[in-house]
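Participant: input05.txt (compact mmCIF, C-alpha atoms and all ligand atoms) pasted underneath:
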```txt
# COMPACT_ATOMS: atom_id res chain seq x y z
CA MET A 303 77.16 -60.71 121.06
CA ASN A 304 80.31 -58.96 122.27
CA GLU A 305 79.73 -55.95 124.47
CA LEU A 306 81.34 -52.77 123.18
CA ASN A 307 82.05 -50.06 125.71
CA HIS A 308 85.45 -48.69 124.83
CA ILE A 309 87.11 -48.15 121.45
CA ALA A 310 90.69 -46.92 121.19
CA ILE A 311 92.07 -45.58 117.91
CA ILE A 312 95.59 -44.96 116.63
CA MET A 313 94.84 -42.21 114.11
CA ASP A 314 97.66 -42.93 111.67
CA GLY A 315 98.27 -41.80 108.10
CA ASN A 316 97.75 -38.03 108.27
CA GLY A 317 101.16 -37.39 106.71
CA ARG A 318 100.67 -39.90 103.88
CA TRP A 319 97.18 -38.56 103.21
CA ALA A 320 98.70 -35.10 102.70
CA LYS A 321 101.67 -36.36 100.66
CA LYS A 322 99.34 -38.17 98.27
CA ARG A 323 97.70 -34.80 97.59
CA ARG A 324 101.02 -32.89 97.46
CA LEU A 325 99.98 -30.96 100.52
CA PRO A 326 102.13 -30.18 103.57
CA ARG A 327 101.90 -32.83 106.33
CA THR A 328 100.21 -30.26 108.57
CA MET A 329 97.20 -30.27 106.24
CA GLY A 330 96.83 -33.97 106.98
CA HIS A 331 96.71 -33.22 110.71
CA LYS A 332 94.17 -30.45 110.11
CA LYS A 333 91.93 -32.84 108.21
CA GLY A 334 92.56 -35.35 111.01
CA VAL A 335 91.04 -32.92 113.50
CA GLU A 336 87.83 -32.70 111.45
CA LYS A 337 87.71 -36.50 111.53
CA VAL A 338 88.03 -36.48 115.31
CA ARG A 339 84.85 -34.41 115.44
CA GLU A 340 82.97 -36.56 112.93
CA ILE A 341 83.92 -39.91 114.49
CA ALA A 342 83.37 -38.72 118.07
CA ILE A 343 79.88 -37.39 117.33
CA TYR A 344 79.03 -40.62 115.51
CA ALA A 345 80.45 -42.97 118.18
CA ASN A 346 78.47 -41.07 120.83
CA LYS A 347 75.29 -41.56 118.77
CA LEU A 348 76.06 -45.29 118.63
CA GLY A 349 76.10 -45.35 122.42
CA ILE A 350 79.82 -46.13 122.81
CA ARG A 351 80.78 -45.27 126.41
CA CYS A 352 84.36 -44.26 125.76
CA LEU A 353 86.51 -43.37 122.74
CA THR A 354 90.24 -43.00 123.34
CA LEU A 355 92.23 -41.30 120.59
CA TYR A 356 96.04 -41.35 120.33
CA ALA A 357 96.72 -37.69 119.56
CA PHE A 358 100.41 -37.37 120.48
CA SER A 359 102.86 -39.92 121.84
CA THR A 360 105.87 -39.41 124.10
CA GLU A 361 107.94 -40.36 121.02
CA ASN A 362 106.29 -37.77 118.74
CA TRP A 363 108.54 -35.06 120.25
CA LYS A 364 111.23 -36.45 117.90
CA ARG A 365 109.39 -34.94 114.91
CA PRO A 366 110.56 -31.64 113.39
CA GLU A 367 109.87 -28.71 115.70
CA LYS A 368 107.53 -27.09 113.15
CA GLU A 369 105.33 -30.17 112.96
CA VAL A 370 105.29 -30.59 116.76
CA SER A 371 104.24 -26.99 117.25
CA TYR A 372 101.52 -27.37 114.61
CA ILE A 373 100.15 -30.46 116.36
CA MET A 374 100.23 -28.53 119.64
CA SER A 375 98.02 -25.86 118.05
CA LEU A 376 95.36 -28.45 117.22
CA PRO A 377 93.63 -28.51 120.63
CA LYS A 378 92.86 -24.78 120.15
CA LEU A 379 91.51 -25.38 116.65
CA PHE A 380 89.52 -28.40 117.79
CA PHE A 381 87.91 -26.95 120.91
CA GLU A 382 87.30 -23.49 119.43
CA SER A 383 85.53 -25.10 116.50
CA TYR A 384 83.68 -27.92 118.20
CA LEU A 385 83.36 -27.54 121.98
CA LYS A 386 79.86 -26.11 121.61
CA GLU A 387 78.77 -29.09 119.53
CA LEU A 388 80.43 -31.54 121.92
CA MET A 389 78.50 -29.93 124.78
CA GLU A 390 75.23 -30.17 122.84
CA ASN A 391 75.97 -33.86 122.34
CA ASN A 392 76.63 -34.35 126.07
CA ILE A 393 80.21 -35.57 125.38
CA LYS A 394 82.69 -35.51 128.24
CA ILE A 395 86.35 -34.70 127.51
CA THR A 396 89.15 -36.38 129.42
CA MET A 397 92.83 -36.99 128.75
CA ILE A 398 95.56 -39.45 129.58
CA GLY A 399 99.28 -38.77 129.45
CA SER A 400 101.30 -36.02 130.97
CA LEU A 401 100.50 -32.35 130.50
CA ASN A 402 103.94 -31.33 131.75
CA ARG A 403 105.65 -30.74 128.35
CA ILE A 404 102.49 -29.42 126.68
CA PRO A 405 102.68 -25.70 125.75
CA GLU A 406 100.78 -23.41 128.13
CA GLU A 407 98.03 -22.44 125.68
CA ALA A 408 97.15 -26.04 124.71
CA LYS A 409 97.26 -27.06 128.38
CA LYS A 410 94.83 -24.31 129.34
CA ILE A 411 92.48 -25.16 126.46
CA PHE A 412 92.44 -28.83 127.43
CA ARG A 413 91.85 -28.03 131.11
CA ASP A 414 88.96 -25.70 130.20
CA ALA A 415 87.35 -28.33 127.96
CA ILE A 416 87.73 -31.00 130.67
CA ARG A 417 86.19 -28.68 133.27
CA LYS A 418 83.32 -27.45 131.07
CA THR A 419 82.31 -30.98 130.02
CA SER A 420 82.92 -32.66 133.37
CA LYS A 421 79.22 -33.04 134.19
CA ASN A 422 78.25 -34.42 130.77
CA THR A 423 76.94 -37.96 130.86
CA GLY A 424 77.34 -39.07 127.24
CA MET A 425 80.42 -40.63 125.69
CA ILE A 426 83.84 -39.97 127.20
CA LEU A 427 86.11 -38.58 124.51
CA ASN A 428 89.52 -39.35 125.94
CA PHE A 429 92.65 -37.91 124.31
CA ALA A 430 96.00 -39.63 124.77
CA LEU A 431 98.30 -36.63 124.70
CA ASN A 432 102.02 -36.83 125.43
CA TYR A 433 101.15 -40.42 126.27
CA GLY A 434 103.41 -43.48 126.31
CA GLY A 435 102.39 -46.91 127.58
CA GLN A 436 105.83 -47.71 129.02
CA ASP A 437 105.98 -44.35 130.81
CA GLU A 438 102.51 -44.98 132.22
CA ILE A 439 103.51 -48.36 133.66
CA VAL A 440 106.74 -46.98 135.15
CA LYS A 441 104.83 -44.06 136.67
CA ALA A 442 102.26 -46.48 138.13
CA ALA A 443 105.06 -48.60 139.66
CA LYS A 444 106.69 -45.51 141.19
CA ASP A 445 103.37 -44.24 142.58
CA TYR A 446 102.66 -47.64 144.10
CA ALA A 447 106.14 -47.76 145.68
CA ARG A 448 105.56 -44.30 147.17
CA ASP A 449 102.15 -45.34 148.58
CA TYR A 450 103.68 -48.54 149.98
CA LYS A 451 106.43 -46.57 151.71
CA GLU A 452 103.86 -44.20 153.19
CA GLY A 453 101.75 -47.15 154.39
CA LYS A 454 98.87 -46.27 152.03
CA ALA A 455 99.13 -49.49 149.97
CA ARG A 456 100.02 -53.09 150.73
CA SER A 457 99.63 -56.13 148.52
CA LEU A 458 99.73 -55.47 144.79
CA THR A 459 97.25 -57.29 142.58
CA LYS A 460 96.11 -56.76 139.01
CA GLU A 461 93.04 -54.99 140.42
CA SER A 462 94.91 -52.70 142.78
CA PHE A 463 97.55 -51.90 140.13
CA LYS A 464 94.85 -50.61 137.78
CA LYS A 465 94.20 -47.76 140.20
CA TYR A 466 97.64 -46.38 139.37
CA LEU A 467 97.02 -46.22 135.64
CA TYR A 468 95.74 -43.13 133.81
CA THR A 469 92.74 -45.20 132.71
CA LYS A 470 91.59 -46.08 136.24
CA ASP A 471 88.11 -44.59 135.75
CA LEU A 472 87.57 -45.89 132.20
CA PRO A 473 85.99 -49.15 131.03
CA GLU A 474 88.21 -51.94 129.66
CA VAL A 475 89.30 -51.36 126.05
CA ASP A 476 87.28 -53.76 123.89
CA LEU A 477 88.48 -52.75 120.46
CA MET A 478 91.66 -51.10 119.20
CA ILE A 479 91.64 -49.75 115.65
CA ARG A 480 94.74 -48.55 113.82
CA THR A 481 94.31 -46.79 110.51
CA SER A 482 96.72 -46.68 107.53
CA ASN A 483 97.77 -50.31 107.63
CA GLU A 484 100.66 -50.12 110.09
CA GLN A 485 100.46 -53.24 112.22
CA ARG A 486 101.98 -52.29 115.55
CA ILE A 487 100.80 -50.70 118.79
CA SER A 488 103.48 -48.00 119.09
CA ASN A 489 103.52 -47.77 122.88
CA PHE A 490 99.72 -47.25 123.06
CA LEU A 491 97.82 -48.59 126.10
CA LEU A 492 100.30 -51.45 126.61
CA TYR A 493 98.69 -52.69 129.81
CA GLN A 494 95.08 -52.05 128.80
CA LEU A 495 95.16 -53.84 125.43
CA ALA A 496 95.89 -57.25 126.99
CA TYR A 497 92.63 -58.80 125.76
CA SER A 498 91.35 -56.18 123.32
CA GLU A 499 90.46 -57.09 119.76
CA PHE A 500 92.68 -55.41 117.14
CA ILE A 501 91.55 -54.17 113.73
CA PHE A 502 94.00 -52.68 111.25
CA THR A 503 92.48 -50.81 108.32
CA ASP A 504 94.13 -49.56 105.10
CA THR A 505 92.34 -46.23 105.29
CA TYR A 506 94.35 -43.12 106.22
CA TRP A 507 92.83 -41.39 109.25
CA PRO A 508 91.65 -38.29 107.27
CA ASP A 509 89.66 -40.65 105.01
CA PHE A 510 88.16 -42.71 107.85
CA THR A 511 84.35 -42.41 107.85
CA PRO A 512 81.46 -43.38 110.13
CA ASP A 513 80.84 -46.16 107.62
CA ASP A 514 84.39 -47.47 108.21
CA LEU A 515 83.73 -47.39 111.95
CA ASP A 516 80.53 -49.39 111.38
CA LYS A 517 82.53 -52.00 109.44
CA CYS A 518 85.10 -52.29 112.25
CA ILE A 519 82.30 -52.70 114.79
CA GLU A 520 80.61 -55.33 112.62
CA GLU A 521 83.87 -57.28 112.41
CA TYR A 522 84.43 -56.92 116.15
CA ARG A 523 80.93 -58.24 116.89
CA LYS A 524 81.74 -61.42 114.92
CA ARG A 525 84.96 -62.12 116.81
CA THR A 526 85.00 -64.83 119.46
CA ARG A 527 86.46 -63.31 122.61
CA ARG A 528 87.85 -65.97 124.92
CA PHE A 529 90.04 -64.01 127.35
CA GLY A 530 92.41 -66.97 127.47
CA GLY A 531 89.63 -69.48 128.15
CA LEU A 532 87.75 -71.72 125.75
CA ASN A 533 84.67 -70.72 123.83
CA GLU A 534 81.37 -72.41 124.64
CA GLU A 535 81.23 -74.92 121.77
CA LYS A 536 84.73 -76.16 122.55
CA ASN A 537 83.93 -76.31 126.24
CA ASN A 538 81.66 -79.33 126.14
C1 LIG A 601 99.68 -39.78 112.93
O1 LIG A 601 99.81 -39.59 111.55
C2 LIG A 601 98.99 -38.67 113.55
C3 LIG A 601 99.49 -37.87 114.54
C4 LIG A 601 100.81 -38.05 115.18
C5 LIG A 601 98.71 -36.73 115.08
C6 LIG A 601 97.28 -37.07 115.26
C7 LIG A 601 96.53 -35.93 115.80
C8 LIG A 601 95.30 -35.57 115.39
C9 LIG A 601 94.58 -36.26 114.29
C10 LIG A 601 94.59 -34.44 116.02
C11 LIG A 601 94.41 -34.57 117.47
C12 LIG A 601 93.41 -33.66 117.97
C13 LIG A 601 93.45 -32.97 119.13
C14 LIG A 601 92.28 -32.21 119.53
C15 LIG A 601 94.62 -32.98 120.02
P1 LIG A 601 101.26 -39.47 110.93
O2 LIG A 601 101.66 -38.04 110.92
O3 LIG A 601 102.21 -40.37 111.67
O4 LIG A 601 101.01 -40.00 109.48
P2 LIG A 601 102.07 -40.74 108.55
O5 LIG A 601 102.43 -42.03 109.22
O6 LIG A 601 101.34 -40.94 107.26
O7 LIG A 601 103.26 -39.83 108.41
```
Would you give me this structure, written as structure tokens?
Ligand code: FPP
Facilitator:
Amino acid sequence: MNELNHIAIIMDGNGRWAKKRRLPRTMGHKKGVEKVREIAIYANKLGIRCLTLYAFSTENWKRPEKEVSYIMSLPKLFFESYLKELMENNIKITMIGSLNRIPEEAKKIFRDAIRKTSKNTGMILNFALNYGGQDEIVKAAKDYARDYKEGKARSLTKESFKKYLYTKDLPEVDLMIRTSNEQRISNFLLYQLAYSEFIFTDTYWPDFTPDDLDKCIEEYRKRTRRFGGLNEEKNN
């Protein structure tokens, strides 16, 4: 059976969920935050080691200012509402992406949550915030070049390159789920998804339930992962 350590999710469809109910798009994001709590608590109970959630991409700055500022208020809403529960569940918060453009208040809230949960030993709940896969790879290349120049790095291999990625301390991504039936990866974990299994579901993120996660996991377990090789039956 396939091991499952790390699930990554593109939480898409908040806007459409709201539109269907004639609500402002922001209400879709608010409901999306409640789902983050529900799915994180559940995934931790399942024994998943790491859950990475795409909360805001480097391209999402192109959205209307009002929507961007609403999304930037979500860390406050999320951690004020749920940090206590996350602590009780031994969940550790981390993030990937760049905090540089993130408003001061959200930055502080994230840093506090990361610090307060740093000793927790349960699931890692990793937020991709102001994250872009292409930016990450370019940053890694620049950091390597700097280390090379300073004599701190020499030959570059797939293994040594990984140390320059935001995900250096995280397990390999086994399964990537995208909700709301868009079939693309939108600059998410471009390097890390090389051999991950992909599942695209019709469900909008605010409607995604623990039962839907179970179904994705069940499908993932049935997949034959070959990592470019041959599976056992075909091998002989
Ligand atoms: C995509 O739906 C969703 C987002 C860009 C934002 C997702 C963020 C959260 C669910 C909350 C994150 C939580 C924290 C704590 C930071 P969309 O707006 O693109 O939906 P649409 O495609 O239907 O318009």
Participant: With ligand LIG 601 (chain A) as the partner and 9 Å as the cut-off, tabulate the residues of chain A that qualify, each row holding the nearest pair of atoms and their distance in Å to one decimal, using all atoms listed in the file, sorted by chain and rising number, as JSON lines.
Facilitator:
```
{"residue": "A:Ile312", "atom": "CA", "partner": "A:LIG601", "partner_atom": "C1", "distance": 7.6}
{"residue": "A:Met313", "atom": "CA", "partner": "A:LIG601", "partner_atom": "C2", "distance": 5.5}
{"residue": "A:Asp314", "atom": "CA", "partner": "A:LIG601", "partner_atom": "C1", "distance": 3.9}
{"residue": "A:Gly315", "atom": "CA", "partner": "A:LIG601", "partner_atom": "O6", "distance": 3.3}
{"residue": "A:Asn316", "atom": "CA", "partner": "A:LIG601", "partner_atom": "O4", "distance": 4.0}
{"residue": "A:Gly317", "atom": "CA", "partner": "A:LIG601", "partner_atom": "O6", "distance": 3.6}
{"residue": "A:Arg318", "atom": "CA", "partner": "A:LIG601", "partner_atom": "O6", "distance": 3.6}
{"residue": "A:Trp319", "atom": "CA", "partner": "A:LIG601", "partner_atom": "O6", "distance": 6.3}
{"residue": "A:Ala320", "atom": "CA", "partner": "A:LIG601", "partner_atom": "O6", "distance": 7.9}
{"residue": "A:Lys321", "atom": "CA", "partner": "A:LIG601", "partner_atom": "O6", "distance": 8.0}
{"residue": "A:Arg327", "atom": "CA", "partner": "A:LIG601", "partner_atom": "O2", "distance": 6.9}
{"residue": "A:Thr328", "atom": "CA", "partner": "A:LIG601", "partner_atom": "O2", "distance": 8.3}
{"residue": "A:Gly330", "atom": "CA", "partner": "A:LIG601", "partner_atom": "O2", "distance": 7.4}
{"residue": "A:His331", "atom": "CA", "partner": "A:LIG601", "partner_atom": "C9", "distance": 5.2}
{"residue": "A:Lys332", "atom": "CA", "partner": "A:LIG601", "partner_atom": "C10", "distance": 7.1}
{"residue": "A:Lys333", "atom": "CA", "partner": "A:LIG601", "partner_atom": "C9", "distance": 7.5}
{"residue": "A:Gly334", "atom": "CA", "partner": "A:LIG601", "partner_atom": "C9", "distance": 4.0}
{"residue": "A:Val335", "atom": "CA", "partner": "A:LIG601", "partner_atom": "C10", "distance": 4.6}
{"residue": "A:Glu336", "atom": "CA", "partner": "A:LIG601", "partner_atom": "C9", "distance": 8.1}
{"residue": "A:Lys337", "atom": "CA", "partner": "A:LIG601", "partner_atom": "C9", "distance": 7.4}
{"residue": "A:Val338", "atom": "CA", "partner": "A:LIG601", "partner_atom": "C12", "distance": 6.6}
{"residue": "A:Arg339", "atom": "CA", "partner": "A:LIG601", "partner_atom": "C14", "distance": 8.8}
{"residue": "A:Leu355", "atom": "CA", "partner": "A:LIG601", "partner_atom": "C11", "distance": 7.7}
{"residue": "A:Tyr356", "atom": "CA", "partner": "A:LIG601", "partner_atom": "C6", "distance": 6.7}
{"residue": "A:Ala357", "atom": "CA", "partner": "A:LIG601", "partner_atom": "C7", "distance": 4.2}
{"residue": "A:Phe358", "atom": "CA", "partner": "A:LIG601", "partner_atom": "C4", "distance": 5.4}
{"residue": "A:Ser359", "atom": "CA", "partner": "A:LIG601", "partner_atom": "C4", "distance": 7.2}
{"residue": "A:Asn362", "atom": "CA", "partner": "A:LIG601", "partner_atom": "C4", "distance": 6.5}
{"residue": "A:Glu369", "atom": "CA", "partner": "A:LIG601", "partner_atom": "O2", "distance": 8.9}
{"residue": "A:Val370", "atom": "CA", "partner": "A:LIG601", "partner_atom": "C4", "distance": 8.8}
{"residue": "A:Ile373", "atom": "CA", "partner": "A:LIG601", "partner_atom": "C5", "distance": 6.6}
{"residue": "A:Met374", "atom": "CA", "partner": "A:LIG601", "partner_atom": "C15", "distance": 7.2}
{"residue": "A:Ser375", "atom": "CA", "partner": "A:LIG601", "partner_atom": "C15", "distance": 8.1}
{"residue": "A:Leu376", "atom": "CA", "partner": "A:LIG601", "partner_atom": "C13", "distance": 5.3}
{"residue": "A:Pro377", "atom": "CA", "partner": "A:LIG601", "partner_atom": "C14", "distance": 4.1}
{"residue": "A:Lys378", "atom": "CA", "partner": "A:LIG601", "partner_atom": "C14", "distance": 7.5}
{"residue": "A:Leu379", "atom": "CA", "partner": "A:LIG601", "partner_atom": "C14", "distance": 7.5}
{"residue": "A:Phe380", "atom": "CA", "partner": "A:LIG601", "partner_atom": "C14", "distance": 5.0}
{"residue": "A:Phe381", "atom": "CA", "partner": "A:LIG601", "partner_atom": "C14", "distance": 7.0}
{"residue": "A:Ala408", "atom": "CA", "partner": "A:LIG601", "partner_atom": "C15", "distance": 8.7}
{"residue": "A:Phe412", "atom": "CA", "partner": "A:LIG601", "partner_atom": "C14", "distance": 8.6}
{"residue": "A:Phe429", "atom": "CA", "partner": "A:LIG601", "partner_atom": "C15", "distance": 6.8}
{"residue": "A:Ala430", "atom": "CA", "partner": "A:LIG601", "partner_atom": "C15", "distance": 8.3}
{"residue": "A:Leu431", "atom": "CA", "partner": "A:LIG601", "partner_atom": "C15", "distance": 7.0}
{"residue": "A:Ser482", "atom": "CA", "partner": "A:LIG601", "partner_atom": "O6", "distance": 7.4}
{"residue": "A:Glu484", "atom": "CA", "partner": "A:LIG601", "partner_atom": "O5", "distance": 8.3}
{"residue": "A:Tyr506", "atom": "CA", "partner": "A:LIG601", "partner_atom": "O6", "distance": 7.4}
{"residue": "A:Trp507", "atom": "CA", "partner": "A:LIG601", "partner_atom": "C9", "distance": 7.4}
{"residue": "A:Pro508", "atom": "CA", "partner": "A:LIG601", "partner_atom": "C9", "distance": 7.9}
```
Participant: Smallest atom-to-atom distance to Ile439 in chain A: which of A:Arg523, A:Lys418, A:Lys465, A:Arg365, using all atoms listed in the file?
Facilitator: A:Lys465
Participant: Do a neighbour search on range 511-513 of chain A at 8 Å with all atoms listed in the file, toss out local chain neighbours closer than 6 positions, and write the hits as a count of residues only.
Facilitator: 4
Participant: Rank nothing, just name the residue among A:Ala310, A:Glu520, A:Ser371, A:Asp514 nearest to Glu406 in chain A, using only C-alpha atoms.
Facilitator: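 Checking each of A:Ala310, A:Glu520, A:Ser371, A:Asp514 against Glu406 in chain A, counting only C-alpha atoms, the winner is A:Ser371.
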Participant: Listed atoms of range 504-512 of chain A, axis-aligned box, 4 Å per side: centre and edge lengths to one decimal in Å, as JSON?
Facilitator:
```
{"center_x": 87.9, "center_y": -43.9, "center_z": 107.6, "size_x": 20.9, "size_y": 19.3, "size_z": 13.1}
```
Participant: Leaving out Tyr493 in chain A and any residue of its chain fewer than 2 positions from it, which residues lie within 8 Å of it when counting only C-alpha atoms, given as a PyMOL selection string?
Facilitator: chain A and resi 435+439+491+495-496
Participant: Write to file, as a CSV table (one decimal), in the coordinates of the input, the residues of the selection just made, with C-alpha atoms.
Facilitator:
```csv
chain,number,residue,atom,x,y,z
A,435,GLY,CA,102.4,-46.9,127.6
A,439,ILE,CA,103.5,-48.4,133.7
A,491,LEU,CA,97.8,-48.6,126.1
A,495,LEU,CA,95.2,-53.8,125.4
A,496,ALA,CA,95.9,-57.2,127.0
```
Participant: Measuring between all atoms listed in the file, which one of A:Ala345, A:Arg456, A:Leu532, A:Ser383 shows the shortest distance to Leu306 in chain A?
Facilitator: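 Once distances to Leu306 in chain A are computed over all atoms listed in the file, the minimum belongs to A:Ala345.
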Participant: A:Thr526, A:Asn304, A:Asn402, A:Thr481: which is nearest Tyr433 in chain A, counting all atoms listed in the file?
Facilitator: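 Nearest candidate to Tyr433 in chain A out of A:Thr526, A:Asn304, A:Asn402, A:Thr481: A:Asn402.
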Participant: Determine the nearest neighbour of Glu382 in chain A from the options A:Cys518, A:Ile426, A:Ile411, A:Leu458, counting all atoms listed in the file.
Facilitator: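 With all atoms listed in the file as the atom set, the closest residue is A:Ile411.
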Participant: Go through A:Ile395, A:Arg403, A:Met425, A:Asp449 one by one, measure the shortest atom-to-atom distance of each to Gly349 in chain A using only C-alpha atoms, and give the residue with the smallest value.
Facilitator: A:Met425
Participant: Report the distance between CA of Thr469 in chain A and CA of Glu367 in chain A in Å, rounded to one decimal place.
Facilitator: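 That distance, rounded to one decimal, is 29.2 Å.
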Participant: For the atom pair CA of Gln436 in chain A and CA of Phe463 in chain A, what is the interatomic distance in Å to one decimal place?
Facilitator: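 Interatomic distance here is 14.5 Å.
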Participant: Select all residues near (98.9, -45.2, 137.3) (cut-off 9 Å, inclusive, file coordinates), counting only C-alpha atoms, and output them as a list in words.
Facilitator: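 Output: Glu438, Ile439, Val440, Lys441, Ala442, Ala443, Lys444, Asp445, Tyr446, Phe463, Lys464, Lys465, Tyr466, Leu467, Tyr468, Thr469 and Lys470 of chain A.
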Participant: Which distance in Å separates CA of Thr354 in chain A and CA of Lys322 in chain A, to one decimal?
Facilitator: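 Value for the CA of Thr354 in chain A-CA of Lys322 in chain A distance: 27.1 Å.
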Participant: Please identify every residue of range 365-414 of chain A that has at least one atom no farther than 12 Å from an atom of range 472-478 of chain A, counting only C-alpha atoms, and for each give the shortest atom pair and the distance in Å to one decimal, arranged by chain then increasing number, as CSV.
Facilitator:
```
residue,atom,partner,partner_atom,distance
A:Thr396,CA,A:Leu472,CA,10.0
A:Met397,CA,A:Leu472,CA,10.9
A:Ile398,CA,A:Leu472,CA,10.6
```
